[in-house]
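Enquirer: Quick one: the structure is below, and I'll ask about it shortly.
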Amino acid sequence: MRFNKICVLGLGYIGLPTASTFATHGLKVIGVDTNPNIVQTLRNGQLHLHEPGLRTLVQAALRSGNLEISQEAQPADAFIIAVPTPFKDNKDADLDYVKAAAEAITPHLERGNLVILESTSPPRTTTDIVAPILEKQGLKAGIDFHLAYSPERVLPGQILRELIENARVIGGVNHDSAEAGHDLYSVFVRGDIILTDSTTAEMVKLMENTYRDINIAAANEFSRLAEHFGIDIWEAVQIANRHPRVNILNPGPGVGGHCISVDPWFLVGAAPDLTPLIHTARNVNDSQPVFVLNRVKNILGEDLKNKKIGVLGLSYKPDVDDMRESPAIEVLRLLESCGAQVSAFEPYKNKFAPQDINFSETPAIAAADTELLILLVAHSDFRELDPRDLQSVMANTAILDTVNLLDSAAWHNAGFTIYKLGVGKSL
Ligand code: SAJ
């Protein structure tokens, strides 16, 4: 099947790179977002989000004349839904954006079109939620038009490269739909394209992220046991991973971001009775900031009122600027709720950072007069931290490293007391 014009609904972290990449590969693309501010920002050649290389790509797509930004869907050969699927307060998947996008496509849908859902969704969303909306005007999915689910699997920070190079899964509601999806994505995908059915593809995406979540939950629980038994979890994980069939991930202050900490809930919400392990892993990872707080109390004493504490790193993971769903912020909030005075340094702070956080311009300013400095994110920049810059300004030269970034011996020799998350023996 050949595609000349496509319509991408949702211009966020996935939709915008996808729309722009199709446009720079020669397709006419209508990029649709319902938010008028986003439409205006993009039309001006500016971005509403940060991803390395994306500004250049979007500007190239706009310049080529192939990318048009619109607030409304238009007729096209193919439609891609790339809208957010957050969860509700009760942790069930919120499919309102997916439903609204499908509703927006329905009036334009014609015989022979292809519709692809990319948003992470609970199993059977494509067949049970999206298909019935698209079929409202009488066309049948799999017969009159093609319908498939194809999850994005890109890593924030490397989206542009991974979009092209990663293996792509395409699950059709029938084989022809999967084949049509193959024809569309092969415009730019260089990785393998694997065809399956739509529910399998939905499950695959959720299984990938749930597997990581459970693995990290095990690592976090091991870190608690390591402190209990007086060993070093980082050394233990390293040794265990020498086993050829073991690959334990790293413990840390918790699991953040919009994927790993969200997606497992879609399975728990869809089948609570079948998912005790997945549910427990989520609870373990969500409680890790409290574990960090308790460690701080072990070091500084139960009463943190008016204690000055510095934190380094607030994004949800290393070397990204995204602070939403960040366990580091959760730790900061817990410290503040105990009355501590917290100053923070985040090298990738952007305009979306919470306004009420006491941000410092440098690590040394954040560390000034503090009794404890907590390293919460393993940003590459922090490897360059110089003990001499911090030593003279801190009230007490103590650091709690929750991500195993610092060379304990070097910092110890420089006069610091180094505590590490998951290390129960003295350093
Ligand atoms: N984390 C740990 N320990 C680890 C690894 C990660 O505590 O050993 C934490 C991170 O600090 C972060 C969270 O887990 O808070 C999630 O980080 P991540 O790097 O595992 O994942 P995301 O959310 O940035 O992106 C993932 C990607 N999965 C990976 O395998 C790296 C990506 O492939 C998916 O496409 C994306 O989720 C998604 O959209 O589902």
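Convention: chains lettered A, B, ... in structure tokens order; per-chain residue numbering from 1; ligands numbered from 1 as shown.
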DSSP on the backbone, strand (DSSP E) only: what residues of range 179-420 of chain A does that give? Format it as an MDAnalysis selection string.

Expert: chainID A and resid 193:197 308:312 341:345 372:375 398:401 417:420

Enquirer: Find the spatial neighbours of Leu405 in chain A, counting only C-alpha atoms, within a cut-off of 8 Å - ignore same-chain residues fewer than 3 positions away - and output them as a count of residues only.

Expert: 4

Enquirer: Do you know which residues are at most 12 Å from Pro289 in chain A counting only C-alpha atoms, after dropping those on the same chain fewer than 6 positions away, and could you put them as a count of residues only?

Expert: 23

Enquirer: Could you list, as number ranges by chain, all the residues within 8 Å of ligand 1, counting only C-alpha atoms and all ligand atoms?

Expert: A: 120, 152-156, 205-206, 208-209, 212-213, 216, 219-220, 248-261, 263, 316-318, 326-327, 377

Enquirer: From the set A:Pro276, A:Gly172, A:Gly230, A:Pro264, which residue has the shortest atom-to-atom contact distance to Tyr211 in chain A, counting only C-alpha atoms?

Expert: A:Pro264

Enquirer: With only C-alpha atoms as the basis for distance, which of A:Val115, A:Asn306, A:Phe416, A:Arg168 is at the shortest distance from Val204 in chain A?

Expert: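 Selected residue with least distance to Val204 in chain A: A:Arg168.
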